[in-house]
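Below is the file input_34.pdb, which contains PDB, C-alpha atoms.
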```pdb
ATOM      1  CA  MET A 209       0.000   0.000   0.000
ATOM      2  CA  PHE A 210       2.841   2.403   0.701
ATOM      3  CA  GLY A 211       5.195   4.088  -1.766
ATOM      4  CA  TYR A 212       3.083   6.914  -3.212
ATOM      5  CA  ILE A 213       4.684   9.788  -1.264
ATOM      6  CA  THR A 214       7.667  10.377  -3.495
ATOM      7  CA  ILE A 215       9.392  13.127  -5.467
ATOM      8  CA  ASP A 216       8.639  14.491  -8.907
ATOM      9  CA  ARG A 217      12.094  14.093 -10.443
ATOM     10  CA  GLU A 218      11.321  16.192 -13.503
ATOM     11  CA  GLU A 219      10.501  19.224 -11.351
ATOM     12  CA  LEU A 220      13.250  18.775  -8.748
ATOM     13  CA  LYS A 221      16.441  20.825  -8.880
ATOM     14  CA  GLY A 222      19.755  18.961  -8.795
ATOM     15  CA  LYS A 223      20.729  20.022  -5.296
ATOM     16  CA  ASP A 224      17.326  19.028  -3.917
ATOM     17  CA  LEU A 225      17.513  15.657  -5.664
ATOM     18  CA  ASP A 226      20.915  15.085  -4.066
ATOM     19  CA  ARG A 227      19.469  16.104  -0.703
ATOM     20  CA  TYR A 228      16.603  13.620  -1.103
ATOM     21  CA  ARG A 229      19.020  10.816  -1.920
ATOM     22  CA  GLU A 230      21.071  11.667   1.189
ATOM     23  CA  PHE A 231      18.012  11.259   3.403
ATOM     24  CA  TYR A 232      16.897   8.135   1.570
ATOM     25  CA  CYS A 233      20.326   6.594   2.061
ATOM     26  CA  GLY A 234      20.303   7.659   5.714
ATOM     27  CA  VAL A 235      17.013   5.901   6.456
ATOM     28  CA  CYS A 236      18.272   2.904   4.495
ATOM     29  CA  ARG A 237      21.480   2.715   6.567
ATOM     30  CA  ASP A 238      19.502   3.017   9.793
ATOM     31  CA  LEU A 239      17.295   0.144   8.674
ATOM     32  CA  LYS A 240      20.354  -1.978   7.999
ATOM     33  CA  ASP A 241      21.906  -1.228  11.364
ATOM     34  CA  SER A 242      18.745  -1.973  13.322
ATOM     35  CA  CYS A 243      17.321  -4.878  11.313
ATOM     36  CA  GLY A 244      20.038  -6.313   9.092
ATOM     37  CA  GLU A 245      20.898  -6.130   5.399
ATOM     38  CA  ALA A 246      17.652  -7.707   4.168
ATOM     39  CA  ALA A 247      15.509  -5.026   5.814
ATOM     40  CA  ARG A 248      16.815  -2.386   3.414
ATOM     41  CA  ALA A 249      14.603  -3.836   0.688
ATOM     42  CA  THR A 250      11.546  -2.752   2.690
ATOM     43  CA  LEU A 251      12.334   0.978   2.650
ATOM     44  CA  THR A 252       9.399   3.112   1.485
ATOM     45  CA  TYR A 253       9.375   6.640   0.056
ATOM     46  CA  ASP A 254       6.698   7.571   2.602
ATOM     47  CA  MET A 255       9.021   7.225   5.574
ATOM     48  CA  THR A 256      11.794   9.085   3.752
ATOM     49  CA  PHE A 257       9.337  11.990   3.503
ATOM     50  CA  LEU A 258       8.704  11.717   7.248
ATOM     51  CA  ALA A 259      12.443  11.916   7.981
ATOM     52  CA  ILE A 260      12.843  15.030   5.804
ATOM     53  CA  LEU A 261       9.761  16.678   7.321
ATOM     54  CA  LEU A 262      10.814  16.096  10.942
ATOM     55  CA  ASN A 263      14.392  17.132  10.245
ATOM     56  CA  ALA A 264      13.187  20.362   8.615
ATOM     57  CA  LEU A 265      10.748  21.220  11.394
ATOM     58  CA  TYR A 266      13.097  20.478  14.284
ATOM     59  CA  GLU A 267      16.185  21.607  12.357
ATOM     60  CA  GLY A 268      18.194  18.481  12.991
ATOM     61  CA  PRO A 269      21.983  18.164  12.716
ATOM     62  CA  SER A 270      23.155  18.951   9.193
ATOM     63  CA  GLY A 271      26.265  16.796   9.290
ATOM     64  CA  ILE A 272      26.730  14.573   6.248
ATOM     65  CA  THR A 273      28.908  11.494   6.180
ATOM     66  CA  GLU A 274      30.175   9.451   3.263
ATOM     67  CA  GLU A 275      29.645   5.710   3.457
ATOM     68  CA  ARG A 276      29.991   2.724   1.182
ATOM     69  CA  CYS A 277      27.054   0.451   0.594
ATOM     70  CA  ILE A 278      26.452  -2.969  -0.931
ATOM     71  CA  LEU A 279      24.258  -1.374  -3.611
ATOM     72  CA  HIS A 280      26.929   1.196  -4.545
ATOM     73  CA  PRO A 281      30.288  -0.458  -3.810
ATOM     74  CA  ALA A 282      32.358   1.580  -6.263
ATOM     75  CA  ARG A 283      32.258   4.882  -4.393
ATOM     76  CA  LYS A 284      31.053   6.297  -1.130
ATOM     77  CA  GLN A 285      27.590   7.840  -0.920
ATOM     78  CA  ARG A 286      26.682  11.027   0.942
ATOM     79  CA  VAL A 287      24.357  10.135   3.817
ATOM     80  CA  ILE A 288      22.321  12.072   6.385
ATOM     81  CA  ARG A 289      21.669  10.178   9.609
ATOM     82  CA  ASN A 290      20.217  11.512  12.840
ATOM     83  CA  GLU A 291      17.370  10.826  15.288
ATOM     84  CA  TYR A 292      14.777  11.597  12.604
ATOM     85  CA  THR A 293      16.114   9.155  10.031
ATOM     86  CA  ALA A 294      16.384   6.553  12.807
ATOM     87  CA  TYR A 295      12.755   7.160  13.809
ATOM     88  CA  ALA A 296      11.617   6.943  10.183
ATOM     89  CA  ALA A 297      13.507   3.653   9.796
ATOM     90  CA  ASP A 298      11.821   2.237  12.906
ATOM     91  CA  MET A 299       8.362   3.277  11.699
ATOM     92  CA  ASN A 300       9.147   1.843   8.273
ATOM     93  CA  LEU A 301       9.972  -1.506   9.842
ATOM     94  CA  MET A 302       6.807  -1.598  11.939
ATOM     95  CA  LEU A 303       4.505  -0.661   9.057
ATOM     96  CA  VAL A 304       6.123  -3.054   6.591
ATOM     97  CA  PHE A 305       6.025  -5.878   9.130
ATOM     98  CA  HIS A 306       2.245  -5.622   9.487
ATOM     99  CA  ASN A 307       1.815  -5.087   5.758
ATOM    100  CA  LEU A 308       3.611  -8.382   5.152
ATOM    101  CA  GLU A 309       1.370 -10.030   7.736
ATOM    102  CA  ASP A 310      -1.649  -8.633   5.892
ATOM    103  CA  ASP A 311      -0.387  -9.928   2.531
ATOM    104  CA  TRP A 312      -0.016 -13.402   3.994
ATOM    105  CA  ILE A 313      -3.476 -13.390   5.596
ATOM    106  CA  ASP A 314      -5.241 -11.957   2.534
ATOM    107  CA  GLU A 315      -3.361 -13.515  -0.372
ATOM    108  CA  LYS A 316      -1.261 -16.309   1.163
ATOM    109  CA  LYS A 317       1.918 -14.951  -0.401
ATOM    110  CA  GLY A 318       4.813 -17.235   0.567
ATOM    111  CA  THR A 319       7.373 -14.483   0.045
ATOM    112  CA  SER A 320       5.468 -12.228   2.457
ATOM    113  CA  LEU A 321       5.406 -14.947   5.110
ATOM    114  CA  ALA A 322       9.145 -15.546   4.732
ATOM    115  CA  ALA A 323       9.916 -11.814   5.039
ATOM    116  CA  TYR A 324       7.520 -11.525   7.995
ATOM    117  CA  ARG A 325       9.368 -14.266   9.865
ATOM    118  CA  LEU A 326      12.736 -12.730   9.008
ATOM    119  CA  LEU A 327      11.767  -9.304  10.358
ATOM    120  CA  ARG A 328       9.869 -10.499  13.445
ATOM    121  CA  PRO A 329      12.777 -10.357  15.952
ATOM    122  CA  ALA A 330      13.681  -6.818  14.880
ATOM    123  CA  TYR A 331      10.013  -5.804  14.998
ATOM    124  CA  LEU A 332       9.549  -7.102  18.538
ATOM    125  CA  LYS A 333      12.641  -5.216  19.678
ATOM    126  CA  THR A 334      11.627  -1.997  17.920
ATOM    127  CA  SER A 335       7.979  -2.051  18.982
ATOM    128  CA  ARG A 336       8.956  -1.968  22.663
ATOM    129  CA  LYS A 337      10.516   1.472  22.086
ATOM    130  CA  TYR A 338       7.252   2.975  20.833
ATOM    131  CA  PRO A 339       4.234   1.838  22.884
ATOM    132  CA  ARG A 340       1.895   4.562  21.557
ATOM    133  CA  GLN A 341       2.702   3.872  17.909
ATOM    134  CA  THR A 342       2.635   0.105  18.453
ATOM    135  CA  GLN A 343      -0.841   0.257  19.966
ATOM    136  CA  ALA A 344      -2.001   2.440  17.080
ATOM    137  CA  ILE A 345      -0.740  -0.092  14.541
ATOM    138  CA  LEU A 346      -2.291  -3.070  16.341
ATOM    139  CA  ARG A 347      -5.608  -1.225  16.676
ATOM    140  CA  TYR A 348      -5.471  -0.321  12.989
ATOM    141  CA  VAL A 349      -4.863  -3.916  11.894
ATOM    142  CA  LYS A 350      -7.785  -5.187  14.000
ATOM    143  CA  GLU A 351     -10.225  -2.497  12.858
ATOM    144  CA  LEU A 352      -9.226  -2.729   9.194
ATOM    145  CA  HIS A 353      -9.823  -6.487   9.167
ATOM    146  CA  ALA A 354     -13.271  -5.864  10.665
ATOM    147  CA  VAL A 355     -14.108  -3.320   7.942
ATOM    148  CA  GLU A 356     -12.928  -5.682   5.206
ATOM    149  CA  LYS A 357     -14.796  -8.650   6.708
ATOM    150  CA  LYS A 358     -18.048  -6.658   6.718
ATOM    151  CA  ASN A 359     -17.266  -5.497   3.158
ATOM    152  CA  ASP A 360     -17.970  -1.967   4.326
ATOM    153  CA  ARG A 361     -18.245   0.147   1.162
ATOM    154  CA  SER A 362     -17.802   3.498   2.920
ATOM    155  CA  LEU A 363     -14.955   5.350   1.206
ATOM    156  CA  ASP A 364     -14.085   7.133   4.423
ATOM    157  CA  ARG A 365     -14.151   4.225   6.871
ATOM    158  CA  ALA A 366     -10.999   2.309   5.944
ATOM    159  CA  ALA A 367      -9.257   5.465   4.720
ATOM    160  CA  GLY A 368      -9.988   7.094   8.072
ATOM    161  CA  LEU A 369      -8.420   4.165   9.903
ATOM    162  CA  THR A 370      -5.234   4.569   7.871
ATOM    163  CA  GLY A 371      -5.356   8.297   8.533
ATOM    164  CA  ARG A 372      -5.549   7.830  12.306
ATOM    165  CA  LEU A 373      -2.666   5.353  12.178
ATOM    166  CA  MET A 374      -0.416   7.739  10.256
ATOM    167  CA  SER A 375      -1.443  10.584  12.546
ATOM    168  CA  GLU A 376       0.057   8.716  15.501
ATOM    169  CA  ILE A 377       3.242   8.008  13.556
ATOM    170  CA  PHE A 378       3.715  11.617  12.424
ATOM    171  CA  ARG A 379       3.247  12.941  15.957
ATOM    172  CA  TYR A 380       6.913  12.507  16.773
ATOM    173  CA  ARG A 381       6.714  14.076  20.232
ATOM    174  CA  GLU A 382       4.105  15.890  22.309
ATOM    175  CA  ASP A 383       4.812  19.587  21.702
ATOM    176  CA  ILE A 384       3.313  22.621  19.985
ATOM    177  CA  TRP A 385       3.758  21.001  16.566
ATOM    178  CA  SER A 386       2.243  17.606  17.341
ATOM    179  CA  GLU A 387      -1.307  18.599  16.336
ATOM    180  CA  ASP A 388      -0.286  19.897  12.911
ATOM    181  CA  LEU A 389       2.049  16.957  12.309
ATOM    182  CA  GLY A 390      -0.778  14.622  13.289
ATOM    183  CA  GLN A 391      -3.106  16.291  10.799
ATOM    184  CA  ILE A 392      -0.511  15.974   8.022
ATOM    185  CA  GLY A 393      -0.236  12.290   8.863
ATOM    186  CA  PHE A 394      -4.023  11.908   8.972
ATOM    187  CA  TYR A 395      -4.644  13.306   5.501
ATOM    188  CA  LEU A 396      -1.551  11.632   4.103
ATOM    189  CA  GLY A 397      -2.745   8.267   5.447
ATOM    190  CA  LYS A 398      -6.144   8.731   3.843
ATOM    191  CA  PHE A 399      -4.505   9.767   0.578
ATOM    192  CA  ILE A 400      -2.254   6.687   0.574
ATOM    193  CA  TYR A 401      -5.137   4.317   1.255
ATOM    194  CA  LEU A 402      -7.455   5.846  -1.347
ATOM    195  CA  MET A 403      -4.725   6.162  -3.978
ATOM    196  CA  ASP A 404      -3.841   2.500  -3.491
ATOM    197  CA  ALA A 405      -7.506   1.508  -3.723
ATOM    198  CA  TRP A 406      -7.925   3.534  -6.922
ATOM    199  CA  ASP A 407      -4.723   2.046  -8.365
ATOM    200  CA  ASP A 408      -5.725  -1.550  -7.511
ATOM    201  CA  LEU A 409      -9.372  -1.333  -8.538
ATOM    202  CA  GLU A 410      -9.210  -3.597 -11.602
ATOM    203  CA  LYS A 411      -7.082  -6.180  -9.821
ATOM    204  CA  ASP A 412      -9.371  -6.194  -6.784
ATOM    205  CA  ARG A 413     -12.446  -6.517  -8.989
ATOM    206  CA  ARG A 414     -10.938  -9.530 -10.778
ATOM    207  CA  ASN A 415      -9.921 -11.149  -7.490
ATOM    208  CA  SER A 416     -13.139 -10.239  -5.656
ATOM    209  CA  SER A 417     -10.996  -8.426  -3.077
ATOM    210  CA  TYR A 418     -12.146  -5.637  -0.801
ATOM    211  CA  ASN A 419     -11.994  -2.160  -2.341
ATOM    212  CA  PRO A 420     -14.264   0.727  -1.283
ATOM    213  CA  PHE A 421     -14.188   2.245  -4.778
ATOM    214  CA  LEU A 422     -16.153  -0.758  -6.058
ATOM    215  CA  SER A 423     -19.280   0.947  -4.723
ATOM    216  CA  ILE A 424     -19.000   3.855  -7.186
ATOM    217  CA  CYS A 425     -16.761   2.630 -10.016
ATOM    218  CA  GLY A 426     -19.728   1.876 -12.242
ATOM    219  CA  GLU A 427     -20.949   5.465 -12.241
ATOM    220  CA  ALA A 428     -20.386   7.655 -15.290
ATOM    221  CA  ASP A 429     -18.423  10.290 -13.377
ATOM    222  CA  TYR A 430     -16.361   7.798 -11.372
ATOM    223  CA  GLU A 431     -12.916   8.996 -12.464
ATOM    224  CA  MET A 432     -13.820  12.613 -11.767
ATOM    225  CA  ARG A 433     -15.204  11.741  -8.335
ATOM    226  CA  ALA A 434     -12.157   9.643  -7.474
ATOM    227  CA  GLY A 435      -9.848  12.486  -8.507
ATOM    228  CA  ASP A 436     -11.842  14.968  -6.402
ATOM    229  CA  ILE A 437     -11.695  12.693  -3.354
ATOM    230  CA  LEU A 438      -7.931  12.323  -3.676
ATOM    231  CA  THR A 439      -7.530  16.069  -4.191
ATOM    232  CA  MET A 440      -9.395  16.763  -0.937
ATOM    233  CA  GLN A 441      -6.896  14.619   0.994
ATOM    234  CA  ALA A 442      -3.927  16.256  -0.737
ATOM    235  CA  ALA A 443      -5.349  19.679   0.152
ATOM    236  CA  GLY A 444      -5.472  18.618   3.809
ATOM    237  CA  ILE A 445      -1.791  17.635   3.712
ATOM    238  CA  ALA A 446      -0.850  20.984   2.172
ATOM    239  CA  LYS A 447      -3.022  23.009   4.573
ATOM    240  CA  TYR A 448      -1.306  21.723   7.693
ATOM    241  CA  PHE A 449       2.150  21.698   6.132
ATOM    242  CA  GLU A 450       1.808  25.420   5.419
ATOM    243  CA  LYS A 451       1.097  26.056   9.102
ATOM    244  CA  LEU A 452       4.541  24.788  10.103
ATOM    245  CA  PRO A 453       7.498  27.224  10.295
ATOM    246  CA  ILE A 454       9.651  25.284   7.844
ATOM    247  CA  LEU A 455      12.493  26.878   5.898
ATOM    248  CA  LEU A 456      14.980  24.013   5.724
ATOM    249  CA  ASP A 457      14.432  21.808   2.652
ATOM    250  CA  GLU A 458      11.236  23.748   1.956
ATOM    251  CA  GLU A 459      11.391  23.346  -1.828
ATOM    252  CA  LEU A 460      12.087  19.627  -1.559
ATOM    253  CA  LEU A 461       9.093  19.118   0.724
ATOM    254  CA  ARG A 462       6.880  21.220  -1.532
ATOM    255  CA  ASN A 463       7.934  19.128  -4.514
ATOM    256  CA  ILE A 464       6.716  16.002  -2.722
ATOM    257  CA  ILE A 465       3.487  17.467  -1.318
ATOM    258  CA  TYR A 466       2.315  19.387  -4.367
ATOM    259  CA  SER A 467       3.602  17.205  -7.194
ATOM    260  CA  GLY A 468       5.413  14.024  -6.154
ATOM    261  CA  ILE A 469       2.377  12.396  -4.548
ATOM    262  CA  TRP A 470       0.606  12.641  -7.908
ATOM    263  CA  VAL A 471       3.354  11.071 -10.053
ATOM    264  CA  LYS A 472       1.883   7.557 -10.148
ATOM    265  CA  TYR A 473      -1.642   8.919 -10.564
ATOM    266  CA  ARG A 474      -0.655  11.040 -13.571
ATOM    267  CA  ALA A 475       1.269   8.152 -15.126
ATOM    268  CA  LYS A 476      -1.683   5.782 -14.845
ATOM    269  CA  ARG A 477      -4.170   8.368 -16.104
ATOM    270  CA  ALA A 478      -1.933   8.971 -19.143
ATOM    271  CA  LYS A 479      -1.780   5.219 -19.779
ATOM    272  CA  MET A 480      -5.562   4.954 -19.495
ATOM    273  CA  ALA A 481      -6.034   7.845 -21.919
ATOM    274  CA  GLU A 482      -3.646   6.262 -24.415
ATOM    275  CA  ALA A 483      -5.510   2.946 -24.205
ATOM    276  CA  GLN A 484      -8.795   4.763 -24.807
ATOM    277  CA  ARG A 485      -7.349   6.548 -27.853
ATOM    278  CA  THR A 486      -6.055   3.272 -29.269
ATOM    279  CA  LEU A 487      -9.460   1.647 -28.776
ATOM    280  CA  GLN A 488     -11.244   4.557 -30.438
ATOM    281  CA  GLU A 489      -8.844   4.486 -33.406
ATOM    282  CA  ALA A 490      -9.479   0.770 -33.816
ATOM    283  CA  LYS A 491     -13.247   1.389 -33.835
ATOM    284  CA  ASP A 492     -12.853   4.203 -36.361
ATOM    285  CA  ASP A 493     -10.923   1.896 -38.718
ATOM    286  CA  LEU A 494     -13.745  -0.640 -38.821
TER     287      LEU A 494
END
```

Serialized structure, structure tokens:
Amino acid sequence: MFGYITIDREELKGKDLDRYREFYCGVCRDLKDSCGEAARATLTYDMTFLAILLNALYEGPSGITEERCILHPARKQRVIRNEYTAYAADMNLMLVFHNLEDDWIDEKKGTSLAAYRLLRPAYLKTSRKYPRQTQAILRYVKELHAVEKKNDRSLDRAAGLTGRLMSEIFRYREDIWSEDLGQIGFYLGKFIYLMDAWDDLEKDRRNSSYNPFLSICGEADYEMRAGDILTMQAAGIAKYFEKLPILLDEELLRNIIYSGIWVKYRAKRAKMAEAQRTLQEAKDDL
């Protein structure tokens, strides 16, 4: 489900792209150190965004190290690592762990079960550090399964559960910024869930899997309605981001919030439009 909160490379300046890679590598290195080499494959763009956001808000240490990595053995990579990249790595592990559990329960994926078992010791160790976030994740898993079991077609029900989960994760500490960070997480969580549901609609329809968009996908204005619903969540993210006194990495964060989160959506819409044109041309040739 995760992986939609990324950058728009075409609109990102070189220095900001380098900066993004430094954070991405930092979270990746923290994952390796806490969970082992295999855990690095689980890194999501969403938690890289969280690391950049927290670092910008709290103005974390700007020190950059150069480290070698198994993926780039030829030369050292510039890396940013601090308490915010470490926190993002821990949250990444906890979310991915339960996502793998979900994949096994729902689809009986053997690879998901194997990865779940591999990450379990690191998850148990990490979860003890974050009782509030751990309880939020466990509550989310239980409530989401209940919604799916009832085949609840409410667009807001499951999306709201994901929103409340991400709200707890984005509230890094209890301070004057926790409310706004929580709201960013809330709308971002809803956006992620709904974007994933929109993206997986055809697959879920074929597999008779749960998807709240199935309740409206047959309507003539479905694509417009789906786009409007996603836009409302994106507007919520932007609204609360703009309330924060962020100057550090401001352009990088704006690239993600205002454009990057739509990259996969735009790509799929373009593909759908091209398929429609091809179909129409074939009909015209008959």

Write out as a CSV table (one decimal) with C-alpha atoms, keeping the file's coordinate frame the residues lying within 12 Å of Leu225 in chain A, counting only C-alpha atoms and excluding same-chain residues fewer than 5 positions away.
```csv
chain,number,residue,atom,x,y,z
A,214,THR,CA,7.7,10.4,-3.5
A,215,ILE,CA,9.4,13.1,-5.5
A,216,ASP,CA,8.6,14.5,-8.9
A,217,ARG,CA,12.1,14.1,-10.4
A,218,GLU,CA,11.3,16.2,-13.5
A,219,GLU,CA,10.5,19.2,-11.4
A,220,LEU,CA,13.2,18.8,-8.7
A,230,GLU,CA,21.1,11.7,1.2
A,231,PHE,CA,18.0,11.3,3.4
A,232,TYR,CA,16.9,8.1,1.6
A,457,ASP,CA,14.4,21.8,2.7
A,459,GLU,CA,11.4,23.3,-1.8
A,460,LEU,CA,12.1,19.6,-1.6
A,461,LEU,CA,9.1,19.1,0.7
A,463,ASN,CA,7.9,19.1,-4.5
A,464,ILE,CA,6.7,16.0,-2.7
```

Ranking A:Gly397, A:Leu261, A:Asp298, A:Glu351 by minimum distance to Arg336 in chain A and counting all atoms listed in the file, which one comes first?
A:Asp298

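Taking all atoms listed in the file into account, the polymer residues that have an atom no farther than 9 Å from (-18.4, 4.2, -5.9) are Arg361, Ser362, Leu363, Pro420, Phe421, Leu422, Ser423, Ile424, Cys425, Gly426, Glu427, Tyr430, Arg433 and Ala434 of chain A.
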
Would you compute the distance between CA of Phe394 in chain A and CA of Met374 in chain A? Give it in Å to one decimal.
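These two atoms are separated by 5.7 Å.
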
Test item: the PyMOL selection byres ((chain A and resi 389) around 8) resolved as number ranges by chain:
A: 375, 378-380, 385-388, 390-393, 448-449
